[in-house]
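Next comes final-v2.txt, with compact mmCIF, C-alpha atoms and all ligand atoms.
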# COMPACT_ATOMS: atom_id res chain seq x y z
CA MET A 807 -19.05 36.62 -6.29
CA THR A 808 -16.10 35.13 -8.19
CA VAL A 809 -12.75 34.45 -6.53
CA ASP A 810 -9.43 35.44 -8.04
CA GLY A 811 -5.86 35.38 -6.74
CA THR A 812 -3.48 32.67 -5.57
CA ALA A 813 -4.80 29.16 -4.96
CA LEU A 814 -3.05 26.82 -2.52
CA VAL A 815 -3.73 23.15 -3.31
CA THR A 816 -2.88 20.38 -0.83
CA GLY A 817 -2.07 16.97 -2.29
CA ALA A 818 -1.13 18.56 -5.62
CA SER A 819 1.41 15.98 -6.84
CA ALA A 820 -1.19 13.49 -8.13
CA GLY A 821 -4.84 12.75 -8.86
CA ILE A 822 -7.58 15.28 -8.21
CA GLY A 823 -5.22 17.77 -6.53
CA ARG A 824 -2.94 17.82 -9.55
CA ALA A 825 -5.97 18.27 -11.83
CA LEU A 826 -7.27 21.10 -9.64
CA ALA A 827 -3.88 22.84 -9.71
CA LYS A 828 -3.94 22.63 -13.52
CA GLU A 829 -7.51 23.95 -13.61
CA PHE A 830 -6.71 26.96 -11.40
CA ALA A 831 -3.54 27.77 -13.38
CA ALA A 832 -5.40 27.45 -16.70
CA ASN A 833 -7.85 30.03 -15.35
CA GLY A 834 -5.02 32.46 -14.58
CA HIS A 835 -4.49 31.84 -10.85
CA ASP A 836 -1.02 31.69 -9.34
CA VAL A 837 -0.75 28.41 -7.45
CA VAL A 838 0.96 26.94 -4.39
CA LEU A 839 1.44 23.19 -4.73
CA VAL A 840 1.85 21.13 -1.56
CA ALA A 841 2.64 17.41 -1.10
CA ARG A 842 5.56 15.16 -0.11
CA ARG A 843 7.02 14.32 -3.56
CA GLU A 844 9.09 17.36 -4.41
CA THR A 845 10.20 16.14 -7.85
CA GLU A 846 6.58 15.81 -9.03
CA LEU A 847 5.69 19.20 -7.56
CA LEU A 848 8.62 20.99 -9.20
CA ALA A 849 7.88 19.40 -12.60
CA LEU A 850 4.22 20.40 -12.35
CA ALA A 851 5.14 23.94 -11.22
CA ASN A 852 7.44 24.34 -14.26
CA ASP A 853 4.78 23.00 -16.63
CA LEU A 854 2.12 25.35 -15.25
CA GLU A 855 4.40 28.39 -15.40
CA ASP A 856 5.34 27.60 -19.00
CA ALA A 857 1.82 26.77 -20.17
CA HIS A 858 -0.14 29.54 -18.45
CA GLY A 859 2.32 32.28 -17.48
CA VAL A 860 1.34 32.07 -13.82
CA ARG A 861 3.61 31.85 -10.75
CA ALA A 862 3.71 28.34 -9.26
CA HIS A 863 5.32 27.56 -5.88
CA ALA A 864 6.20 24.00 -4.83
CA ILE A 865 6.24 23.21 -1.10
CA GLU A 866 7.33 19.77 0.06
CA LEU A 867 5.56 18.92 3.31
CA ASP A 868 4.13 15.93 5.18
CA LEU A 869 0.59 17.11 5.91
CA ALA A 870 0.02 14.23 8.36
CA ALA A 871 2.27 15.97 10.90
CA ILE A 872 0.28 17.70 13.66
CA ASP A 873 2.03 21.02 13.12
CA ALA A 874 1.90 20.84 9.30
CA ALA A 875 -0.71 23.59 8.98
CA ASP A 876 1.37 26.00 11.09
CA ASP A 877 4.50 25.12 9.10
CA LEU A 878 2.70 25.64 5.79
CA HIS A 879 1.27 28.96 6.89
CA ALA A 880 4.74 30.11 8.04
CA GLU A 881 6.21 29.01 4.70
CA THR A 882 3.69 30.99 2.64
CA GLU A 883 4.36 34.03 4.85
CA ASP A 884 8.12 33.63 4.35
CA ARG A 885 7.55 33.50 0.59
CA ASP A 886 5.29 36.54 0.83
CA VAL A 887 2.42 34.64 -0.78
CA ARG A 888 -1.15 35.75 -0.03
CA VAL A 889 -3.50 32.77 -0.26
CA ASP A 890 -6.85 33.81 -1.76
CA VAL A 891 -8.20 30.32 -2.40
CA LEU A 892 -7.55 27.35 -0.12
CA VAL A 893 -8.09 23.93 -1.70
CA ASN A 894 -8.22 21.26 1.00
CA ASN A 895 -7.73 18.31 -1.31
CA VAL A 896 -5.34 16.03 0.56
CA GLY A 897 -6.92 12.82 1.83
CA ILE A 898 -6.33 9.09 2.09
CA GLY A 899 -8.50 6.01 2.61
CA THR A 900 -8.06 2.75 4.47
CA GLN A 901 -9.81 -0.52 3.72
CA GLY A 902 -10.78 -3.25 6.19
CA ALA A 903 -12.58 -3.77 9.48
CA PHE A 904 -11.73 -0.87 11.78
CA VAL A 905 -10.57 -2.98 14.75
CA ASP A 906 -8.26 -5.02 12.48
CA ASN A 907 -6.68 -1.99 10.81
CA ASP A 908 -3.47 -0.36 11.98
CA LEU A 909 -4.53 2.38 14.39
CA GLY A 910 -1.59 4.62 13.45
CA ARG A 911 -2.74 4.66 9.83
CA GLU A 912 -6.32 5.45 10.92
CA LEU A 913 -5.04 8.38 12.99
CA ASP A 914 -2.97 9.61 10.02
CA LEU A 915 -6.19 9.48 8.00
CA LEU A 916 -7.97 11.64 10.56
CA GLN A 917 -5.09 14.12 10.60
CA LEU A 918 -4.98 14.35 6.78
CA ASN A 919 -8.72 14.26 6.06
CA VAL A 920 -10.05 16.19 9.06
CA THR A 921 -7.55 17.96 11.32
CA THR A 922 -5.11 19.46 8.83
CA PRO A 923 -7.94 20.84 6.62
CA THR A 924 -9.60 22.27 9.75
CA GLN A 925 -6.36 23.90 10.89
CA LEU A 926 -5.64 25.31 7.41
CA THR A 927 -9.19 26.64 7.14
CA HIS A 928 -8.76 28.43 10.47
CA ARG A 929 -5.41 29.91 9.48
CA TYR A 930 -6.21 31.06 5.94
CA GLY A 931 -9.99 31.46 6.37
CA SER A 932 -9.56 34.06 9.12
CA GLU A 933 -7.24 36.08 6.88
CA MET A 934 -9.71 35.86 3.98
CA ALA A 935 -12.54 37.05 6.24
CA GLU A 936 -10.41 39.99 7.40
CA ARG A 937 -9.75 40.96 3.77
CA GLY A 938 -13.41 40.39 2.82
CA HIS A 939 -12.42 38.15 -0.09
CA GLY A 940 -11.57 34.52 -0.66
CA GLY A 941 -12.65 30.99 -1.43
CA ILE A 942 -12.32 27.56 0.15
CA LEU A 943 -12.79 24.37 -1.84
CA ASN A 944 -12.95 21.24 0.30
CA VAL A 945 -12.64 17.92 -1.49
CA ALA A 946 -15.06 15.66 0.36
CA SER A 947 -16.74 12.69 -1.35
CA THR A 948 -20.12 11.11 -1.98
CA ALA A 949 -19.02 8.86 0.93
CA ALA A 950 -20.10 11.80 3.12
CA TRP A 951 -23.75 10.69 2.83
CA PHE A 952 -23.36 7.13 4.10
CA PRO A 953 -22.03 5.04 6.99
CA GLY A 954 -19.14 3.13 5.36
CA PRO A 955 -18.44 -0.29 6.89
CA PHE A 956 -14.91 -1.49 5.96
CA MET A 957 -13.90 2.10 5.19
CA ALA A 958 -15.41 3.44 8.40
CA THR A 959 -13.04 6.27 9.23
CA TYR A 960 -12.84 7.41 5.60
CA TYR A 961 -16.60 7.81 5.18
CA ALA A 962 -16.90 9.47 8.59
CA SER A 963 -14.05 11.88 7.78
CA LYS A 964 -15.81 12.94 4.59
CA ALA A 965 -19.11 13.44 6.43
CA TYR A 966 -17.22 15.76 8.80
CA LEU A 967 -15.65 17.72 5.93
CA LYS A 968 -18.96 18.17 4.12
CA GLN A 969 -20.88 19.27 7.22
CA PHE A 970 -18.02 21.55 8.27
CA SER A 971 -17.94 23.11 4.78
CA GLU A 972 -21.66 23.78 4.70
CA ALA A 973 -21.61 25.27 8.20
CA ILE A 974 -18.74 27.65 7.55
CA ALA A 975 -20.21 28.52 4.14
CA THR A 976 -23.05 30.13 6.09
CA GLU A 977 -20.68 31.84 8.52
CA LEU A 978 -18.28 33.16 5.90
CA ARG A 979 -20.61 34.26 3.12
CA PRO A 980 -21.35 37.63 4.76
CA GLU A 981 -17.56 38.06 5.12
CA GLY A 982 -17.08 37.74 1.34
CA VAL A 983 -15.67 34.21 1.48
CA THR A 984 -17.25 31.39 -0.50
CA VAL A 985 -16.99 27.74 0.63
CA THR A 986 -17.69 24.71 -1.59
CA ALA A 987 -17.61 21.00 -0.81
CA LEU A 988 -16.63 19.03 -3.92
CA CYS A 989 -18.06 15.51 -3.63
CA PRO A 990 -16.90 13.11 -6.32
CA GLY A 991 -17.84 9.47 -6.71
CA PRO A 992 -14.95 7.04 -7.36
CA VAL A 993 -12.19 8.72 -9.41
CA ASP A 994 -9.34 6.97 -11.21
CA THR A 995 -6.23 8.09 -9.24
CA GLU A 996 -3.51 6.74 -6.95
CA PHE A 997 -6.10 6.75 -4.13
CA GLN A 998 -7.17 3.12 -4.63
CA GLU A 999 -3.61 1.79 -4.45
CA ARG A 1000 -2.85 3.83 -1.31
CA ALA A 1001 -6.10 2.68 0.31
CA GLY A 1002 -5.65 -0.94 -0.79
CA ASN A 1003 -9.20 -1.15 -2.13
CA GLU A 1004 -8.51 -1.77 -5.84
CA ASP A 1005 -10.29 -5.14 -5.68
CA THR A 1006 -13.56 -3.74 -4.29
CA PRO A 1007 -16.48 -2.28 -6.30
CA VAL A 1008 -15.95 1.17 -4.79
CA GLY A 1009 -12.28 0.99 -5.74
CA GLN A 1010 -13.04 1.06 -9.48
CA GLY A 1011 -12.30 4.70 -10.36
CA GLU A 1012 -15.14 5.56 -12.73
CA GLN A 1013 -14.62 9.29 -13.06
CA ALA A 1014 -11.74 11.28 -14.58
CA ALA A 1015 -9.80 13.64 -12.30
CA ASP A 1016 -9.74 16.46 -14.90
CA ALA A 1017 -13.53 16.46 -15.27
CA VAL A 1018 -14.00 16.41 -11.49
CA ALA A 1019 -11.59 19.32 -11.10
CA ALA A 1020 -13.40 21.35 -13.76
CA ARG A 1021 -16.72 20.83 -11.93
CA GLY A 1022 -15.11 21.83 -8.63
CA TYR A 1023 -13.65 25.02 -10.06
CA GLU A 1024 -16.91 25.96 -11.73
CA GLY A 1025 -18.85 25.24 -8.50
CA LEU A 1026 -16.51 27.39 -6.42
CA GLN A 1027 -16.78 30.30 -8.85
CA ALA A 1028 -20.58 29.96 -8.95
CA GLY A 1029 -20.67 30.06 -5.12
CA ARG A 1030 -22.22 26.59 -4.86
CA ARG A 1031 -22.08 24.99 -1.40
CA VAL A 1032 -22.02 21.37 -2.57
CA VAL A 1033 -21.00 19.88 -5.93
CA VAL A 1034 -21.64 16.16 -6.54
CA THR A 1035 -20.01 14.71 -9.67
CA GLY A 1036 -21.63 11.92 -11.73
CA TRP A 1037 -25.36 11.51 -12.34
CA LYS A 1038 -25.42 8.11 -10.58
CA TYR A 1039 -24.00 9.67 -7.45
CA GLU A 1040 -26.34 12.66 -7.63
CA LEU A 1041 -29.18 10.15 -7.56
CA LEU A 1042 -27.65 8.01 -4.79
CA THR A 1043 -26.95 10.96 -2.51
CA ARG A 1044 -30.51 12.22 -2.98
CA LEU A 1045 -31.93 8.75 -2.30
CA SER A 1046 -29.83 8.41 0.86
CA ASN A 1047 -31.81 11.29 2.37
CA VAL A 1048 -34.92 9.10 2.49
CA LEU A 1049 -33.37 5.68 3.12
CA PRO A 1050 -32.44 4.44 6.63
CA ASN A 1051 -28.71 4.40 7.49
CA ARG A 1052 -28.94 0.68 8.27
CA LEU A 1053 -29.82 0.01 4.65
CA THR A 1054 -27.36 2.44 3.04
CA GLY A 1055 -24.66 1.11 5.40
CA ARG A 1056 -25.35 -2.43 4.16
CA LEU A 1057 -25.09 -1.28 0.55
CA ALA A 1058 -21.83 0.53 1.30
CA ALA A 1059 -20.46 -2.57 3.08
CA ASP A 1060 -21.01 -4.59 -0.12
CA ARG A 1061 -19.27 -1.96 -2.22
CA ASN A 1062 -16.33 -1.73 0.21
CA THR A 1063 -15.45 -5.43 0.28
CA PRO A 1064 -13.85 -7.58 -2.46
CA ASP A 1065 -16.38 -9.45 -4.67
N1 LIG B 1101 -10.10 8.88 -5.92
C1 LIG B 1101 -11.34 8.77 -5.50
O1 LIG B 1101 -12.06 7.82 -5.79
C2 LIG B 1101 -11.93 9.89 -4.66
C3 LIG B 1101 -13.33 10.00 -4.60
C4 LIG B 1101 -13.88 11.00 -3.82
C5 LIG B 1101 -13.06 11.86 -3.12
N2 LIG B 1101 -11.72 11.73 -3.19
C6 LIG B 1101 -10.88 12.64 -2.41
O2 LIG B 1101 -10.09 13.39 -3.27
C7 LIG B 1101 -8.91 13.82 -2.60
C8 LIG B 1101 -7.70 13.52 -3.47
O3 LIG B 1101 -7.64 12.12 -3.69
P1 LIG B 1101 -7.00 11.47 -4.98
O4 LIG B 1101 -7.96 10.46 -5.45
O5 LIG B 1101 -6.53 12.50 -5.90
O6 LIG B 1101 -5.77 10.71 -4.29
P2 LIG B 1101 -4.26 10.43 -4.77
O7 LIG B 1101 -4.20 10.26 -6.25
O8 LIG B 1101 -3.80 9.34 -3.88
O9 LIG B 1101 -3.51 11.78 -4.39
C9 LIG B 1101 -3.31 12.13 -3.06
C10 LIG B 1101 -2.44 13.38 -2.98
O10 LIG B 1101 -2.23 13.67 -1.59
C11 LIG B 1101 -0.84 13.70 -1.32
N3 LIG B 1101 -0.57 13.17 0.01
C12 LIG B 1101 -0.89 11.95 0.51
N4 LIG B 1101 -0.43 11.83 1.77
C13 LIG B 1101 0.18 13.01 2.06
C14 LIG B 1101 0.87 13.49 3.20
N5 LIG B 1101 1.04 12.74 4.29
N6 LIG B 1101 1.38 14.74 3.17
C15 LIG B 1101 1.26 15.50 2.05
N7 LIG B 1101 0.61 15.10 0.94
C16 LIG B 1101 0.09 13.86 0.95
C17 LIG B 1101 -0.19 12.85 -2.40
O11 LIG B 1101 1.12 13.29 -2.68
P3 LIG B 1101 2.49 12.71 -2.06
O12 LIG B 1101 2.40 11.22 -2.06
O13 LIG B 1101 3.50 13.27 -3.01
O14 LIG B 1101 2.60 13.31 -0.70
C18 LIG B 1101 -1.07 13.18 -3.60
O15 LIG B 1101 -0.66 14.40 -4.18
C19 LIG B 1101 -8.90 13.08 -1.26
O16 LIG B 1101 -9.36 13.93 -0.25
C20 LIG B 1101 -9.88 11.95 -1.49
O17 LIG B 1101 -10.49 11.53 -0.29
C21 LIG B 1101 -11.13 10.76 -3.95
For this file, write the structure as structure tokens.
Amino acid sequence: MTVDGTALVTGASAGIGRALAKEFAANGHDVVLVARRETELLALANDLEDAHGVRAHAIELDLAAIDAADDLHAETEDRDVRVDVLVNNVGIGTQGAFVDNDLGRELDLLQLNVTTPTQLTHRYGSEMAERGHGGILNVASTAAWFPGPFMATYYASKAYLKQFSEAIATELRPEGVTVTALCPGPVDTEFQERAGNEDTPVGQGEQAADAVAARGYEGLQAGRRVVVTGWKYELLTRLSNVLPNRLTGRLAADRNTPD
């Protein structure tokens, strides 16, 4: 069951989202690009239209707002765009002990990494199910497998997204909708600077966004439920199934703090 049609990508102005938007356009999909930096979105939209002859929409929106999903859905309706593939890519991280971190930033993280993707999945997923066709690609992380001291909310948010993806993959498959959780290890993007974890081992982006995006696209089209990128992380996620959380949490704590 392959998925064609328009792909909406959140967090498309940089990093993995930008690479995913390029990947979808290169494979002939019209795209809807969503983020806050309009200049970047418009430039990317122009490039993709020129390079691949697809239609590319740019929508400037703060996805950390509680009504962002409703606003985005209304905007795509106004533009008469039917979303066939939803790519929940937007996400941020925070570094530091949870009780010392700014609570407002932690709540923004939960809105961006958990609530907005959930709301968008409800909005667009129900329409896909009604049509009997569609795809959802959720960008989780290998962090989903571990407790993550010093990036506690980030790891927990990715565990939510992965479990949510796998659950609705079962629910939506009979409706003709495929759901894939893309789980990269550390990728070289703006993420580390936003999260403030550039000086930690986990903050060393080892993987390239383009390669991660290609694996995600391929996984979605193959109907895979979970795609882990990087052999080291394939091994680690498998190992974590047999190791106690106390131990994997200690390992993650080391990787999440400056050397
Ligand atoms: N990089 C990694 O090591 C890594 C590893 C595994 C998983 N991931 C996941 O991959 C996804 C993408 O991360 P990335 O590494 O590509 O990060 P990135 O380079 O920081 O890009 C984040 C994207 O999200 C957008 N964004 C951030 N806050 C936003 C907001 N409030 N409203 C709308 N858009 C917002 C940014 O655009 P604007 O600033 O223009 O809004 C940008 O386009 C995230 O879910 C992340 O958790 C990343």
Of the candidates A:Ala1059, A:Val985, A:Leu1053, A:Ala962, which shows the shortest atom-to-atom distance to ligand LIG 1101 (chain B), using all atoms listed in the file?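 Of A:Ala1059, A:Val985, A:Leu1053, A:Ala962, the one nearest ligand LIG 1101 (chain B) is A:Ala962, counting all atoms listed in the file.
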Between atom CA of A:Val889 and atom C1 of ligand LIG 1101 (chain B) - distance in Å to one decimal: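 Interatomic distance here is 25.8 Å.
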May I have the residues within 6 Å of ligand LIG 1101 (chain B), computed using all atoms listed in the file, as a CSV table (one decimal) with C-alpha atoms, in the frame of the given file?
chain,number,residue,atom,x,y,z
A,817,GLY,CA,-2.1,17.0,-2.3
A,818,ALA,CA,-1.1,18.6,-5.6
A,819,SER,CA,1.4,16.0,-6.8
A,820,ALA,CA,-1.2,13.5,-8.1
A,821,GLY,CA,-4.8,12.8,-8.9
A,822,ILE,CA,-7.6,15.3,-8.2
A,823,GLY,CA,-5.2,17.8,-6.5
A,841,ALA,CA,2.6,17.4,-1.1
A,842,ARG,CA,5.6,15.2,-0.1
A,843,ARG,CA,7.0,14.3,-3.6
A,867,LEU,CA,5.6,18.9,3.3
A,868,ASP,CA,4.1,15.9,5.2
A,869,LEU,CA,0.6,17.1,5.9
A,870,ALA,CA,0.0,14.2,8.4
A,895,ASN,CA,-7.7,18.3,-1.3
A,896,VAL,CA,-5.3,16.0,0.6
A,897,GLY,CA,-6.9,12.8,1.8
A,898,ILE,CA,-6.3,9.1,2.1
A,945,VAL,CA,-12.6,17.9,-1.5
A,946,ALA,CA,-15.1,15.7,0.4
A,947,SER,CA,-16.7,12.7,-1.4
A,990,PRO,CA,-16.9,13.1,-6.3
A,991,GLY,CA,-17.8,9.5,-6.7
A,992,PRO,CA,-15.0,7.0,-7.4
A,993,VAL,CA,-12.2,8.7,-9.4
A,994,ASP,CA,-9.3,7.0,-11.2
A,995,THR,CA,-6.2,8.1,-9.2
A,996,GLU,CA,-3.5,6.7,-7.0
A,997,PHE,CA,-6.1,6.8,-4.1
A,1011,GLY,CA,-12.3,4.7,-10.4
Which residue out of A:Val837, A:Leu915, A:Met934, A:Ile872 has the minimum interatomic distance to A:Gln901 when only C-alpha atoms are used? A:Leu915
All residues 7 Å or closer to A:Glu844, all atoms listed in the file, same chain fewer than 3 positions away omitted, as a tab-separated table (two decimals) with C-alpha atoms, keeping the file's coordinate frame:
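As written to disk, around_4.tsv reads:
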chain	number	residue	atom	x	y	z
A	847	LEU	CA	5.69	19.20	-7.56
A	848	LEU	CA	8.62	20.99	-9.20
A	866	GLU	CA	7.33	19.77	0.06
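Among the candidates A:Glu881, A:Asp836, A:Glu1024, A:Glu1004, the residue lying nearest to A:Ala851 is A:Asp836 (atoms considered: all atoms listed in the file).
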Interatomic distance, atom CA of A:Pro953 to atom CA of A:Leu978 (Å, one decimal): 28.4 Å
For A:Phe956, the nearest of the candidates A:Thr812, A:Thr927, A:Asn1051, A:Asn1003, counting all atoms listed in the file: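 Checking each of A:Thr812, A:Thr927, A:Asn1051, A:Asn1003 against A:Phe956, counting all atoms listed in the file, the winner is A:Asn1003.
Among the candidates A:Gly941, A:Gly1002, A:Pro923, A:Gly982, the one nearest to A:Leu1026 when counting all atoms listed in the file is A:Gly941.
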